[in-house]
Structures are given as structure tokens and as C-alpha cells.
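Worksheet: one structure, shown below.
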Amino acid sequence: MNASPFSGPEALYSAFVACGADQNSPARDELARVVEAAAHSDEAVARLWSAGDARGERTPAAWRRLAHELDRIASHDVGIDYALTEWLRRHAPPSPPSPPGSTAVSNVIGGGSVLHGPSVQARDIHGGIHFHTRPEPRPHLPVPRQLPPVTARFIDRETDRQILEEVRTRSPAHAARILVVTGLAGIGKTALVCHWLLEHASSFPDGQLYADLGGHAADGETGPVSPGTVLEAFLIALGMSSVPAGTAQRSALWRSVTAELRLAVVLDNAFTAAQVRPLLLATPAGLTVVTSRNALTGLRADGASVHRLDGLSTESAVELLAVGGGTRVAREPAAAQEVVRLCGRLPLAVGLASAQLAVRPHRSLSALADSLSHGRGVVDGLRVDGEAVMRTALDLSYEILPDESRALYRRMGLLPADRHDLSLLTALAADGEGTHDTGHASDIAVHALVEANLLEETGPTTYRFHDLVRPHARRLGEELEDAGRQERTLRCFVDWCLVSAAAAEHILTPSHRLPGHDLPAGTVAPAPLDGAEEALAWLATYRNGLMGAVRHSAKVGWDFSCWRLTDLIWPLFLRLRPSEMGIEAHRLGLDAARRSGSRQGEGRMLTSGAIGLRNAGRYPEAADWYRQALELAIADHDVRQQAQALSGLGHVGLLDHQLDDARDHFEHALRLRESIGYRRGAALSRRRLGETALAADDLTTAAEQLRRAGTELDALGETYEATRVLALLGHVLDRAGDSAGGVELLRECLTRFRAGDARSEHWEARCLEWLGEAAEARGDHAESIRHYEAARELFRRLSPEDAQRLDDRLRQP
């Protein structure tokens, strides 16, 4: 049975009668396009439409037949369903007001019973009735809306937007929808796509994801972003707490997670079709939009539609120029047209020229045109690839900046970062000579850069260079700043990363602090972070810059900064799990700690780095790092670090099903932690021993260890850890024959994991699965299936291996 969002044929019929009488109305034209698309599925609808056109008008009966036919096609065609929903949203007649004194009508069954949602009224029913409704997203998961902010100076592009809309609505009904927008640098691809998708945000209720694929990075420090890195970020944004290590596995999980989502994905600045292919949505319910300077011809084989974006029309480009040029554009129309011609009608170039006119209100259009035609760029170069005029425009924009803005622009260009915080820019503007006026001066300098379109504001205190601007700023920084100034600028950047990361660590993981390694106060002010949410958002926003600081420190021999920064950004690796970045950072940090002779730093790099290797499934390498950490801790008589390394070795053994080795390591770690009075660590060791006994089916020992661990963690106020232990104990009790006691604990933990300090979807799913096992053991087949299905829905996003296991279980008779 169809349960389309447009509420069936009667709603369509009413809208057709209201809007279809006018042969020239936009609503009728749009409906004709929908009918044409539906005709690919069933030619009958085309005959119904053509018959009406031949008669010149349609009777109510003809409109009703057309409505029923389109509704039938939409019931099994997602593309037509979506097109009709959008048409009806725009053109449905308003509901008539209720007559005075009338009351709303509900489907009353009897007594106080009321039907909500889809219903059926029929005399006789044969067979089953199925309502197909789209599952609502989990209320506590935020819907990702990642599209970059759009500029208010967006002019024209109406024709391009219509073309994109036609491609979107006329895509084959059962094929994935892929759209490639290609064109020259600075043509406005990203701006167009983001404006268009923001207008249609309601069409993608499950979110809009965005990734800059770095297809045309300016230097070797960044380069094209790997598909695996993008998939990791997307899966985390959709709520995955565990992401597979390999790109192929991540791509498979990505297709599974998004199979039924109405999602828009923007893959910006792509380099090759191969880079994009693992990121494509595989469902007609979603839409993948790719922007690139390249044509990405290879994606045509995947069903992609390609739209080449040209420059603005001359009229629209002149309108954009007038934003800064004002009445001068009207006074010198020929010169204005010459300026936009020299700019190749590229929105970025024209915008820069407009900014120059705004800053120099007495400069004529003729003088600007003369500068552009005789500057570093040449008209022939402009016609080939558009790059020369961009360099000219950038140079001219830079030359008319205030001195403070030019200095800041050059220094920013030297940094290995893709985002810039206002607190960092203030430090760069001060250049080690901060005064009470520094903040105000830096704000003015930043404002001038934003006004000149050389810097983009992406958040309240966050900025980035455009792809073409960053290499220009870097070139000027390397050419015009002496070696001493370059080193001071980069030192300031690394120090800012250190103190800001230390602030985030203190908020997110205060127990991770390394005593005796506090940073010197007063070198540079950290980013202001207010609470855990803001600290985590800061780490997410500046992760590439933090990694750039680690790499630069390793490159120039700032060894303490290299390993210390890696250690301080541990919350980034713990919470956001960028696995490859974490492994690279710890390798660099380990080498730096060894070069600097810091044994504490070496130990931290080994144990923390091993966690990343373990999470990536590299068990032998993780075990080797833990062994090196253990040898180092023994030599230094560091008991706590010895226990940490032993616990890590035990965890690797447990994951690799080496239960005897795991037990020995956990027991050794427990003795060490008890010897130094480390109560939390001892309790966690007992939890691991309980898990190991459970894996060996030694339920008595498992229950004993878990009870002791839970009591200690409760006393310490460790709510999350205590609840995990309690859930494990409930499962053990059920396995041991105490079904009533085990189920009671599992239900209590399920409530805790769904809300509050212990909230965790992963452990919610584990509790549901264990409750399903308990129901199955006592012969309650219906309840076991209900719990298994609920657990499977959670695991589909969190752990594909667990979801597959539950699928296999549910298929069993």
C-alpha cells in the first residue's frame, strides 16, 4: 500500500484541478516534466496526458485517472515519488478553513481509542496489509548539516540552477543520482552547489555532508585527501562509533549505512574519478554532487550527469562589479565590460576587482582595466586556463591592503594549516610584541582581508583561504619575509597549537595530563574554549592544522614540540578516531621523543600509539609497541606505566582470542596497580579479567571479578565504566542460570545507556542482544526477535560485523 508523503491520489487530484486549468502556468509546466519522467516507467501516463492536450482541456474524471496513475507509479518509483512530493509542496491549494462551529474529525474506534497515522477502511480484507513509512532518525542524533556558509553576493546562475534541478528530478528511477559540476578555478562551482542545495534542504531530511577532497592542493604537505579519510569522517558524522580500518570495508559500510537515507553529499574539489568512486551513494533516495576543475569523465560510467559551469553572463558580472564600483560602473559601461572580460567573468576574479574599487573610491574603471591588461597576467593566458588574471587580481588586491593586513596575509601563508582561529591571527599580528591594542589591530587587519575576498569567514572566529589564495599568500610569505621572521611565525603557530591543545586536554581528559611537562605561561594566548562541546569542536575544526604543526616540528627538529603536541591532542584521537592520522602522529612523536632523550615522552608515544594500531586491527604491531613500552617502564621503575603496557598486551590477546596470555597480563597489571594504590586502574583490570573469564566460559570467576570491579567503580563515581561492568554482569548471570537477576540488570543498564552520563549506543545494542539471548533461552521467540532486530538496527551503523552476526541469527529457524 502506498504511503507517499503527498498523501495519495486525492491530494494530487485536488492540486491538478486547482493548478491545471491555466495552460501557461509554471505549475502546469513543472507537472508536464514530472509526467514525462513517469512515462519512462509506464507509457500509459503519457497517453493520458497527451489525450488531454489533444482535447485542449481535461475533465475532472481525466484528472482523477492521471492522479491515480501517477500515484501508482510513485508507489514503487522513489524518483517520481520525490518529484510529486516537491511539486505538491509548491503548488498544492491551501486547505479550506473549517466552517464555523465545526470540529476536527478523528478515526474513533470506540471508547477513548483513537487512530493516529495511516489507516484502512474496508469491508473484507484478504492477505496482509503493510504500511511502508520512512523510519525517523533517532531523536538524540544530530542531523549533519555540513555545507559551508554561502555568500550574500550570489548573483544570477538561475539557468544553471534549473539545469541542476532537471538532472536531479529526471534521473533514472532506480539508479543512484550523481551530479558532477566542473569548470575553471574561481568559476563558482562550490558557491552554486551550496546555494542550490541549501534551497532544497527540506528534500534531504537525513542531512547534507560536505568534504573538501583537496584535489588541487598547493603543496606536498596536503595533497588530495584519501577516500578512506573522508569515509571515516562521514561515518562518524552519521553516528558510527567504530569505523573499519580499510577503505574497501569503510566504503561497504558507507553504502549500508546510507542505503535508505535521503541524504545530499557534496564532494568538493575532487581530483580524479577514482578518488570519488568509493564515496558515492548507491541509493536513488540520496544525491551525490561532485565539483572539480577536471571533467571526471570516468564517472560517466557510474551514471553521473556532468554539468560544465561557465562564467557569469556579462550583465551579471557587471552587476557584481557594481557592488564595489557603485555609480562608476554606470558612468563607464565600456570600461566595466572590459574589466569583467579581462576577469574571464569568473565570480572570484570579478569579486576581487569589485573589492579593489570599493577600497579605492576615486579610481576609475578605465584605470582598473588598464592595470589588469598590463599587469603580470596576459589576456591570452586568461583565455587558456583563467589562472593569469587570478594572479593579477590577487596581487592587486594585496597591494592595496593596509600594511598590517599585508603582513598578516604573508604570515598566514607560511602556516601548514587550512583553518585559522582569531586568537592565532592575533598572535601572528603581534609578532611577539603584543600590546593592549593588539587584539583591536588584528581584528581590523582580518576585516580588511575578508572585505578584499582574500579570506573567508567560516565561523564566528574561524577563517580559511580560498584554494587559489593560499598559494599566493605562501609565495609572498616565502619571498618577502626574511628567514628569522619565517621561523618566528611558525614558532608562534606551533606554540599556539600546544597551549590550545593543552586547554582542550584539561577539559576533555584531565586524567591524561603528564605531570612535570606543563607548558611555559605567557608565550601565546590559547584559543578560548568553554566546556567539553566547544573543546571537541575545536579539535575537529583544527585537526589538519594540528597535524601540520606536528609534521613541521618533526621536519625542523623541534622534538619536544613534536611529541608533546602529539600527546596533548590525545582527546582528538580518542573521541574522533582519525586512525591513520593518529598512527602517523605517534610515529613522528616516538622518533622525536627518542631524539630528545625524553623517556617519559617515549613511553607515552608507545602506549598511546599502540592503542591506535590496536583499533586499526594491527594486532602484531600494537603488541610490539606495548612490549617496547613495558621494557622502557621496567628500566625506569615506572610501575604505573608497566601496568598500562601489560593491560594493553592483555587487551590485544583478548581481541586475538589468546585467552591464557590475556589473563596473565591482566593479573600482572592488577597486582601492580594495587601495589601503588591505583584504585580506578585496578577496577578496570578486574573488568578485563571478568571479560576474559566470560570468553573462557568460566562464569563463576567472571561474576566474581565483575562484582568487585563494579563496586569499586561505583565508589569512585565512574558512572559510565560502572554501568558497562553492570551490563556484563547481567549477561554473565543470565548465562549462569539466573535469568531473572540477569535480565533485571540488563534492563536497568539499557535505560542508563539510552540517556544520561552513561549514554552509549554501542552498549545499548549489546544490552539488547543479550536480552534477546535471554528471551530465546526461556522460549519467548517473539521477544527475542524484537530485541535482536532493535540491536541489529543500531549495529548497522556502529559495527557491520555485529550486524551480520545478528542477521545470521535472525535467519535461523
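Ligands are numbered from 1 in the order shown, chains are lettered A, B, ... in the order of the C-alpha cells, and residues start at 1 in each chain.
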Could you give me, as a PDB file with N, CA and C atoms, in the first residue's frame, the residues within 9 Å of Val257 (chain A), counting only C-alpha atoms and dropping anything in the same chain fewer than 4 positions from it?
ATOM      1  N   LEU A 235      31.214   8.663   8.240  1.00  0.00           N
ATOM      2  CA  LEU A 235      30.605   7.643   9.086  1.00  0.00           C
ATOM      3  C   LEU A 235      30.487   8.123  10.525  1.00  0.00           C
ATOM      4  N   LEU A 238      27.605  10.420  10.889  1.00  0.00           N
ATOM      5  CA  LEU A 238      26.315   9.732  10.887  1.00  0.00           C
ATOM      6  C   LEU A 238      26.105   8.871  12.129  1.00  0.00           C
ATOM      7  N   ALA A 252      32.046  -0.145   1.931  1.00  0.00           N
ATOM      8  CA  ALA A 252      30.918  -1.071   2.050  1.00  0.00           C
ATOM      9  C   ALA A 252      29.992  -0.664   3.193  1.00  0.00           C
ATOM     10  N   LEU A 253      30.584  -0.276   4.314  1.00  0.00           N
ATOM     11  CA  LEU A 253      29.783   0.174   5.456  1.00  0.00           C
ATOM     12  C   LEU A 253      29.029   1.457   5.101  1.00  0.00           C
ATOM     13  N   LEU A 261      18.736   6.361   3.331  1.00  0.00           N
ATOM     14  CA  LEU A 261      18.744   7.752   3.773  1.00  0.00           C
ATOM     15  C   LEU A 261      18.505   8.709   2.607  1.00  0.00           C
ATOM     16  N   ARG A 796      24.016  -1.757  12.589  1.00  0.00           N
ATOM     17  CA  ARG A 796      24.226  -1.487  11.163  1.00  0.00           C
ATOM     18  C   ARG A 796      25.054  -0.230  10.952  1.00  0.00           C
ATOM     19  N   ARG A 797      24.907   0.738  11.862  1.00  0.00           N
ATOM     20  CA  ARG A 797      25.724   1.943  11.771  1.00  0.00           C
ATOM     21  C   ARG A 797      27.011   1.840  12.555  1.00  0.00           C
TER      22      ARG A 797
END
Ala427 (chain A) environment, 12 Å, only C-alpha atoms, sequence neighbours closer than 2 positions dropped, as a VMD selection string: chain A and resid 408 411 to 412 420 to 425 429 to 435 438 to 443 488 to 497 522 to 527
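Considering the residues A:Gly413, A:Gly351, A:Gly653, A:Pro515 and counting only C-alpha atoms, Ser397 (chain A) has its shortest atom-to-atom contact with A:Gly351.
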Test item: residues at most 9 Å from Gln337 (chain A), only C-alpha atoms, excluding those fewer than 3 positions along its chain, as a list in words: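 The neighbour list is Thr314, Glu315, Ala317, Val318, Val329, Glu332, Pro333, Ala334, Val340, Arg341 and Leu342 of chain A.
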Residues just named, written with C-alpha atoms as a JSON list (two decimals), in the first residue's frame:
[["chain", "number", "residue", "atom", "x", "y", "z"],
["A", 314, "THR", "CA", 28.36, 39.88, -18.92],
["A", 315, "GLU", "CA", 25.33, 41.57, -17.39],
["A", 317, "ALA", "CA", 29.35, 40.10, -13.94],
["A", 318, "VAL", "CA", 28.89, 43.85, -14.33],
["A", 329, "VAL", "CA", 30.16, 51.26, -13.37],
["A", 332, "GLU", "CA", 31.90, 53.89, -17.69],
["A", 333, "PRO", "CA", 29.93, 50.93, -19.11],
["A", 334, "ALA", "CA", 32.53, 50.08, -21.77],
["A", 340, "VAL", "CA", 34.79, 41.70, -16.49],
["A", 341, "ARG", "CA", 36.11, 40.40, -19.82],
["A", 342, "LEU", "CA", 39.68, 40.53, -18.51]]
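Pairwise distance (CA of Ala27 (chain A), CA of Arg90 (chain A)) equals 8.4 Å.
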Residue nearest Asp808 (chain A) - candidates A:Tyr788, A:Trp770, A:Phe271, A:Trp196, atoms counted: only C-alpha atoms: A:Tyr788
Residue contacts of Ala473 (chain A) (10 Å, only C-alpha atoms) excluding same-chain residues fewer than 6 positions away, as a VMD selection string: chain A and resid 394 to 395 398 406 408 to 415 454 465 479
File of the preceding selection, all heavy atoms, as a CSV table (one decimal), in the first residue's frame:
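part.csv, written as the output of this step:
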chain,number,residue,atom,x,y,z
A,394,LEU,N,44.9,39.0,-7.5
A,394,LEU,CA,45.4,38.7,-6.2
A,394,LEU,C,46.5,39.7,-5.8
A,394,LEU,O,46.5,40.2,-4.7
A,394,LEU,CB,45.8,37.3,-6.0
A,394,LEU,CG,44.7,36.2,-6.0
A,394,LEU,CD1,45.3,34.8,-6.1
A,394,LEU,CD2,43.9,36.3,-4.7
A,395,ASP,N,47.4,39.9,-6.7
A,395,ASP,CA,48.5,40.8,-6.5
A,395,ASP,C,48.0,42.2,-6.3
A,395,ASP,O,48.4,43.0,-5.4
A,395,ASP,CB,49.5,40.9,-7.7
A,395,ASP,CG,50.4,39.6,-7.7
A,395,ASP,OD1,50.5,39.0,-6.6
A,395,ASP,OD2,51.0,39.3,-8.7
A,398,TYR,N,46.3,42.5,-2.9
A,398,TYR,CA,47.3,42.5,-1.8
A,398,TYR,C,47.9,43.9,-1.7
A,398,TYR,O,48.1,44.4,-0.6
A,398,TYR,CB,48.3,41.4,-2.1
A,398,TYR,CG,49.5,41.6,-1.3
A,398,TYR,CD1,49.5,41.2,0.1
A,398,TYR,CD2,50.7,42.2,-1.8
A,398,TYR,CE1,50.7,41.3,0.9
A,398,TYR,CE2,51.8,42.3,-1.0
A,398,TYR,CZ,51.8,41.9,0.3
A,398,TYR,OH,52.9,42.0,1.1
A,406,ARG,N,48.6,43.2,5.1
A,406,ARG,CA,49.6,42.6,4.2
A,406,ARG,C,50.6,41.7,5.0
A,406,ARG,O,50.9,40.6,4.6
A,406,ARG,CB,50.4,43.6,3.4
A,406,ARG,CG,49.6,44.2,2.2
A,406,ARG,CD,50.5,45.0,1.3
A,406,ARG,NE,50.7,46.3,1.9
A,406,ARG,CZ,51.5,47.3,1.4
A,406,ARG,NH1,52.1,47.1,0.3
A,406,ARG,NH2,51.6,48.5,2.0
A,408,LEU,N,50.0,40.3,7.9
A,408,LEU,CA,49.3,39.1,8.4
A,408,LEU,C,49.0,38.1,7.3
A,408,LEU,O,49.1,36.9,7.5
A,408,LEU,CB,47.9,39.6,9.0
A,408,LEU,CG,47.0,38.5,9.6
A,408,LEU,CD1,47.8,37.7,10.7
A,408,LEU,CD2,45.7,39.1,10.1
A,409,TYR,N,48.7,38.6,6.1
A,409,TYR,CA,48.4,37.8,4.9
A,409,TYR,C,49.7,36.9,4.6
A,409,TYR,O,49.6,35.7,4.4
A,409,TYR,CB,48.1,38.7,3.8
A,409,TYR,CG,47.8,38.0,2.5
A,409,TYR,CD1,46.6,37.3,2.3
A,409,TYR,CD2,48.7,38.0,1.4
A,409,TYR,CE1,46.3,36.7,1.1
A,409,TYR,CE2,48.3,37.5,0.2
A,409,TYR,CZ,47.2,36.8,0.0
A,409,TYR,OH,46.8,36.2,-1.2
A,410,ARG,N,50.8,37.5,4.6
A,410,ARG,CA,52.1,36.8,4.3
A,410,ARG,C,52.4,35.7,5.4
A,410,ARG,O,52.7,34.6,5.1
A,410,ARG,CB,53.3,37.8,4.2
A,410,ARG,CG,53.2,38.8,3.1
A,410,ARG,CD,54.5,39.5,2.9
A,410,ARG,NE,55.0,40.2,4.1
A,410,ARG,CZ,54.7,41.4,4.4
A,410,ARG,NH1,54.0,42.2,3.6
A,410,ARG,NH2,55.2,42.0,5.5
A,411,ARG,N,52.2,36.1,6.7
A,411,ARG,CA,52.5,35.2,7.7
A,411,ARG,C,51.5,34.0,7.7
A,411,ARG,O,51.9,32.8,8.0
A,411,ARG,CB,52.5,35.9,9.1
A,411,ARG,CG,53.6,36.9,9.2
A,411,ARG,CD,53.4,37.9,10.4
A,411,ARG,NE,54.3,39.0,10.3
A,411,ARG,CZ,54.2,40.1,11.1
A,411,ARG,NH1,53.3,40.2,12.0
A,411,ARG,NH2,55.1,41.1,10.9
A,412,MET,N,50.2,34.3,7.5
A,412,MET,CA,49.3,33.2,7.4
A,412,MET,C,49.6,32.2,6.3
A,412,MET,O,49.4,31.0,6.4
A,412,MET,CB,47.9,33.8,7.2
A,412,MET,CG,47.3,34.5,8.3
A,412,MET,SD,45.7,35.3,7.9
A,412,MET,CE,44.7,33.9,7.6
A,413,GLY,N,50.2,32.8,5.2
A,413,GLY,CA,50.5,31.9,4.0
A,413,GLY,C,51.6,30.9,4.4
A,413,GLY,O,51.7,29.9,3.7
A,414,LEU,N,52.4,31.2,5.4
A,414,LEU,CA,53.5,30.3,5.8
A,414,LEU,C,53.1,29.1,6.6
A,414,LEU,O,53.8,28.1,6.7
A,414,LEU,CB,54.6,31.1,6.6
A,414,LEU,CG,55.3,32.2,5.9
A,414,LEU,CD1,56.1,33.0,6.9
A,414,LEU,CD2,56.2,31.6,4.8
A,415,LEU,N,51.8,29.1,7.1
A,415,LEU,CA,51.4,28.1,8.1
A,415,LEU,C,50.9,26.8,7.4
A,415,LEU,O,50.2,26.9,6.4
A,415,LEU,CB,50.3,28.7,9.0
A,415,LEU,CG,50.6,30.0,9.7
A,415,LEU,CD1,49.4,30.4,10.6
A,415,LEU,CD2,51.9,29.9,10.5
A,454,LEU,N,40.0,38.0,0.2
A,454,LEU,CA,41.2,37.2,0.3
A,454,LEU,C,41.1,36.1,1.4
A,454,LEU,O,41.9,35.2,1.4
A,454,LEU,CB,42.4,38.1,0.5
A,454,LEU,CG,42.8,39.0,-0.7
A,454,LEU,CD1,43.9,39.9,-0.2
A,454,LEU,CD2,43.2,38.2,-1.9
A,465,PHE,N,41.6,30.4,3.8
A,465,PHE,CA,41.9,30.9,2.4
A,465,PHE,C,41.2,30.1,1.4
A,465,PHE,O,40.9,28.9,1.5
A,465,PHE,CB,43.4,30.7,2.2
A,465,PHE,CG,44.3,31.8,2.8
A,465,PHE,CD1,45.5,31.4,3.4
A,465,PHE,CD2,44.0,33.1,2.7
A,465,PHE,CE1,46.3,32.3,4.0
A,465,PHE,CE2,44.8,34.1,3.3
A,465,PHE,CZ,45.9,33.7,4.0
A,479,GLU,N,58.8,34.9,-0.2
A,479,GLU,CA,59.6,35.8,-0.9
A,479,GLU,C,59.9,37.1,-0.1
A,479,GLU,O,61.0,37.6,-0.2
A,479,GLU,CB,58.9,36.2,-2.2
A,479,GLU,CG,58.9,35.1,-3.3
A,479,GLU,CD,58.1,35.5,-4.5
A,479,GLU,OE1,57.6,36.7,-4.5
A,479,GLU,OE2,58.0,34.7,-5.5
Selection near Ala535 (chain A), 9 Å with only C-alpha atoms, sequence-local residues under 5 positions removed, as a PyMOL selection string: chain A and resi 501+503-505+507-508+528-530+540
Residues flagged helix (DSSP H, G or I) by DSSP in region 351-595 of chain A, as a PyMOL selection string: chain A and resi 351-359+365-374+379-385+387-399+403-413+422-430+438-451+469-480+483-508+510-512+532-541+543-556+559-568+570-576+579-595
Residues within 6 Å of region 798-802 of chain A, only C-alpha atoms, excluding chain neighbours under 5 positions, as a PyMOL selection string: chain A and resi 240-242
Could you write those residues out with all heavy atoms, as a compact mmCIF listing (two decimals), in the first residue's frame?
# COMPACT_ATOMS: atom_id res chain seq x y z
N MET A 240 28.50 6.65 13.67
CA MET A 240 29.29 5.44 13.87
C MET A 240 30.32 5.67 14.97
O MET A 240 31.07 6.65 14.94
CB MET A 240 30.01 5.06 12.57
CG MET A 240 29.09 4.61 11.47
SD MET A 240 28.35 3.02 11.83
CE MET A 240 29.80 2.01 11.88
N SER A 241 30.37 4.78 15.92
CA SER A 241 31.38 4.88 16.97
C SER A 241 32.59 4.02 16.68
O SER A 241 33.63 4.16 17.31
CB SER A 241 30.78 4.48 18.32
OG SER A 241 30.35 3.13 18.28
N SER A 242 32.48 3.12 15.69
CA SER A 242 33.59 2.25 15.32
C SER A 242 33.65 2.18 13.81
O SER A 242 32.65 1.85 13.17
CB SER A 242 33.41 0.85 15.93
OG SER A 242 34.44 -0.01 15.52
